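In what follows, a single structure is set out as structure tokens and then discussed.
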Amino acid sequence: MPLEDLLALNLLIPLDILVYLSLILGVFEMRRRAAKPRVEDPLLAFALLEKSLQKAFPHLPAGFTLREALSFAERLRLKVDWGRVQLALERYEAFRYGGATLPEQVHEEVLRLAAILPRGVKVNGH
């Protein structure tokens with residue numbers, strides 16, 4: 001094999017590796033973005049969170065409150081800013097039960113939590 005062909009081959013291998021690496025990273029980035037639902041309405045965001053909590057904790061009693069369910073979720077030590085989740089919940093409850101105005105934006109941590117909750121978790125023997 002001539003020297004020029006070996007040189008071209010040695011230049012193409014790192015280029016191929018770079019192309020495949022960027023392709024793999026792009027796929028992972030698309031999956032990460034697709035994992036978090038896109039919801040604009042705060043009411044829908046909390047409905048989504050409620051459904052995710054029901055799936056994660058099937059032992060929750062009928063008529064459970066979001067605070068009860070979130071207390072179970074906190075035990076899982078998920079990487080979520082729980083302070084922001086609690087603040088969003090307080091604003092939502094103030095709207096739902098106290099007559100405050102509906103928050104204009106969906107808090108991203110609420111959607112993030114809904115997306116990363118595992119399915120069918122057992123907590124304390126339940």
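As shown in the structure tokens, the chain order sets the letters A, B, ...; within each chain, residues go from 1, and ligands are also counted from 1 in the order they appear.
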| query | Do you know which residues are at most 8 Å from Ala114 of chain A counting only C-alpha atoms, after dropping those on the same chain fewer than 4 positions away, and could you put them as a ChimeraX atom specification? | reply | /A:36,48-49,52-53,110
| task | Work out how far atom CA of Leu87 of chain A is from atom CA of Leu102 of chain A, in Å to one decimal. | result | 13.6 Å
| Who sits within 12 Å of Gly83 of chain A, only C-alpha atoms, same chain under 2 positions skipped, as a list in words |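 Counting only C-alpha atoms, the residues come to Leu70, Glu74, Lys79, Val80, Asp81, Val85, Gln86, Leu87, Ala88, Leu89, Glu90, His107, Glu109 and Val110 of chain A.
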Restricting the output to N, CA, C and O atoms, write the selected residues as a compact mmCIF listing (two decimals), in the first residue's frame.
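Okay, this is what ended up in selection_14.txt:
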```txt
# COMPACT_ATOMS: atom_id res chain seq x y z
N LEU A 70 -46.05 13.52 47.19
CA LEU A 70 -44.71 14.09 47.09
C LEU A 70 -43.83 13.68 48.26
O LEU A 70 -42.62 13.56 48.12
N GLU A 74 -40.15 12.22 47.61
CA GLU A 74 -38.93 12.79 48.20
C GLU A 74 -38.03 11.70 48.77
O GLU A 74 -36.81 11.85 48.79
N LYS A 79 -33.01 13.58 41.66
CA LYS A 79 -32.28 14.84 41.46
C LYS A 79 -33.24 15.91 40.96
O LYS A 79 -33.32 16.19 39.76
N VAL A 80 -33.98 16.45 41.89
CA VAL A 80 -34.98 17.48 41.61
C VAL A 80 -34.82 18.56 42.67
O VAL A 80 -34.49 18.27 43.82
N ASP A 81 -35.05 19.79 42.30
CA ASP A 81 -35.02 20.88 43.27
C ASP A 81 -36.36 20.87 44.02
O ASP A 81 -37.35 21.43 43.55
N VAL A 85 -40.23 22.63 43.61
CA VAL A 85 -41.45 21.82 43.46
C VAL A 85 -42.46 22.23 44.53
O VAL A 85 -43.65 22.43 44.23
N GLN A 86 -42.01 22.39 45.76
CA GLN A 86 -42.90 22.79 46.85
C GLN A 86 -43.48 24.18 46.61
O GLN A 86 -44.66 24.42 46.86
N LEU A 87 -42.65 25.10 46.13
CA LEU A 87 -43.13 26.45 45.83
C LEU A 87 -44.19 26.42 44.73
O LEU A 87 -45.23 27.08 44.85
N ALA A 88 -43.94 25.64 43.68
CA ALA A 88 -44.93 25.52 42.60
C ALA A 88 -46.22 24.90 43.13
O ALA A 88 -47.32 25.32 42.76
N LEU A 89 -46.09 23.90 44.01
CA LEU A 89 -47.28 23.27 44.59
C LEU A 89 -48.06 24.27 45.45
O LEU A 89 -49.29 24.32 45.38
N GLU A 90 -47.36 25.07 46.23
CA GLU A 90 -48.05 26.08 47.05
C GLU A 90 -48.82 27.06 46.18
O GLU A 90 -49.96 27.41 46.50
N HIS A 107 -43.83 25.42 36.17
CA HIS A 107 -42.48 25.34 36.69
C HIS A 107 -41.81 24.10 36.13
O HIS A 107 -42.34 23.00 36.18
N GLU A 109 -39.43 22.27 37.13
CA GLU A 109 -39.12 21.18 38.05
C GLU A 109 -40.32 20.24 38.22
O GLU A 109 -40.14 19.05 38.45
N VAL A 110 -41.53 20.77 38.10
CA VAL A 110 -42.73 19.93 38.18
C VAL A 110 -42.75 18.96 37.00
O VAL A 110 -42.99 17.76 37.18
```
| said: Between A:Lys51, A:Pro2, A:Leu43, A:Ile17, which residue has the minimum interatomic distance to Pro118 of chain A, considering only C-alpha atoms? | reply: A:Lys51
| request: Report as a ChimeraX atom specification: the residues of chain A with a DSSP assignment of helix (DSSP H, G or I), based on the backbone of this structure. | output: /A:3-35,42-56,66-74,82-98,108-116
Keeping only C-alpha atoms, write the selected residues as an mmCIF file, in the first residue's frame.
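What follows is the written file part_38.cif:
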```
data_model
loop_
_atom_site.group_PDB
_atom_site.id
_atom_site.type_symbol
_atom_site.label_atom_id
_atom_site.label_comp_id
_atom_site.auth_asym_id
_atom_site.auth_seq_id
_atom_site.Cartn_x
_atom_site.Cartn_y
_atom_site.Cartn_z
ATOM 1 C CA LEU A 3 2.394 5.875 1.689
ATOM 2 C CA GLU A 4 -0.231 8.378 0.472
ATOM 3 C CA ASP A 5 -2.996 5.815 0.956
ATOM 4 C CA LEU A 6 -1.831 5.039 4.495
ATOM 5 C CA LEU A 7 -1.705 8.739 5.308
ATOM 6 C CA ALA A 8 -5.238 9.271 3.953
ATOM 7 C CA LEU A 9 -6.476 6.272 5.907
ATOM 8 C CA ASN A 10 -4.875 7.576 9.114
ATOM 9 C CA LEU A 11 -6.616 10.915 8.592
ATOM 10 C CA LEU A 12 -10.022 9.367 7.876
ATOM 11 C CA ILE A 13 -10.141 7.161 10.962
ATOM 12 C CA PRO A 14 -10.176 10.077 13.481
ATOM 13 C CA LEU A 15 -12.673 11.881 11.258
ATOM 14 C CA ASP A 16 -14.959 8.819 11.278
ATOM 15 C CA ILE A 17 -14.658 8.560 15.054
ATOM 16 C CA LEU A 18 -15.564 12.236 15.412
ATOM 17 C CA VAL A 19 -18.619 11.870 13.147
ATOM 18 C CA TYR A 20 -19.895 8.797 14.992
ATOM 19 C CA LEU A 21 -19.280 10.385 18.390
ATOM 20 C CA SER A 22 -21.254 13.495 17.432
ATOM 21 C CA LEU A 23 -24.064 11.292 16.122
ATOM 22 C CA ILE A 24 -24.203 9.330 19.386
ATOM 23 C CA LEU A 25 -24.176 12.514 21.481
ATOM 24 C CA GLY A 26 -26.982 13.930 19.325
ATOM 25 C CA VAL A 27 -29.129 10.865 19.940
ATOM 26 C CA PHE A 28 -28.586 11.127 23.702
ATOM 27 C CA GLU A 29 -29.457 14.838 23.636
ATOM 28 C CA MET A 30 -32.691 14.139 21.717
ATOM 29 C CA ARG A 31 -33.671 11.469 24.247
ATOM 30 C CA ARG A 32 -32.964 13.818 27.141
ATOM 31 C CA ARG A 33 -35.106 16.570 25.630
ATOM 32 C CA ALA A 34 -37.900 14.173 24.728
ATOM 33 C CA ALA A 35 -37.970 12.767 28.270
ATOM 34 C CA PRO A 42 -50.078 24.741 34.824
ATOM 35 C CA LEU A 43 -53.296 22.753 35.325
ATOM 36 C CA LEU A 44 -52.152 20.159 32.796
ATOM 37 C CA ALA A 45 -48.682 20.061 34.338
ATOM 38 C CA PHE A 46 -50.070 19.178 37.762
ATOM 39 C CA ALA A 47 -52.472 16.667 36.226
ATOM 40 C CA LEU A 48 -49.471 15.045 34.555
ATOM 41 C CA LEU A 49 -47.578 15.052 37.852
ATOM 42 C CA GLU A 50 -50.562 13.469 39.593
ATOM 43 C CA LYS A 51 -50.746 10.672 37.011
ATOM 44 C CA SER A 52 -47.008 10.065 37.275
ATOM 45 C CA LEU A 53 -47.298 9.886 41.075
ATOM 46 C CA GLN A 54 -50.168 7.400 40.790
ATOM 47 C CA LYS A 55 -48.095 5.179 38.500
ATOM 48 C CA ALA A 56 -45.013 5.468 40.705
ATOM 49 C CA LEU A 66 -50.284 15.907 46.093
ATOM 50 C CA ARG A 67 -48.421 16.665 49.332
ATOM 51 C CA GLU A 68 -48.881 13.066 50.505
ATOM 52 C CA ALA A 69 -47.643 11.685 47.210
ATOM 53 C CA LEU A 70 -44.711 14.093 47.089
ATOM 54 C CA SER A 71 -43.641 12.960 50.550
ATOM 55 C CA PHE A 72 -43.204 9.459 49.084
ATOM 56 C CA ALA A 73 -41.391 10.839 46.038
ATOM 57 C CA GLU A 74 -38.931 12.788 48.200
ATOM 58 C CA TRP A 82 -37.623 20.013 45.905
ATOM 59 C CA GLY A 83 -37.818 23.629 47.099
ATOM 60 C CA ARG A 84 -38.995 24.716 43.666
ATOM 61 C CA VAL A 85 -41.446 21.821 43.457
ATOM 62 C CA GLN A 86 -42.903 22.789 46.851
ATOM 63 C CA LEU A 87 -43.131 26.451 45.833
ATOM 64 C CA ALA A 88 -44.927 25.519 42.600
ATOM 65 C CA LEU A 89 -47.277 23.270 44.592
ATOM 66 C CA GLU A 90 -48.045 26.080 47.052
ATOM 67 C CA ARG A 91 -48.910 28.432 44.184
ATOM 68 C CA TYR A 92 -51.049 25.775 42.524
ATOM 69 C CA GLU A 93 -52.888 25.020 45.782
ATOM 70 C CA ALA A 94 -53.397 28.741 46.401
ATOM 71 C CA PHE A 95 -55.097 28.910 43.023
ATOM 72 C CA ARG A 96 -57.064 25.687 43.395
ATOM 73 C CA TYR A 97 -58.241 26.059 46.983
ATOM 74 C CA GLY A 98 -57.659 29.687 47.930
ATOM 75 C CA GLU A 108 -39.906 23.210 34.914
ATOM 76 C CA GLU A 109 -39.123 21.180 38.053
ATOM 77 C CA VAL A 110 -42.729 19.932 38.182
ATOM 78 C CA LEU A 111 -42.434 18.602 34.632
ATOM 79 C CA ARG A 112 -38.980 17.219 35.328
ATOM 80 C CA LEU A 113 -40.248 15.332 38.363
ATOM 81 C CA ALA A 114 -43.206 13.954 36.401
ATOM 82 C CA ALA A 115 -40.808 12.698 33.732
ATOM 83 C CA ILE A 116 -38.253 11.004 35.998
#
```
| request: Measuring atom to atom with only C-alpha atoms, identify which of A:Asp41, A:Arg119, A:Leu60, A:Arg77 is nearest to Val106 of chain A. | output: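 Closest residue, counting only C-alpha atoms: A:Asp41.
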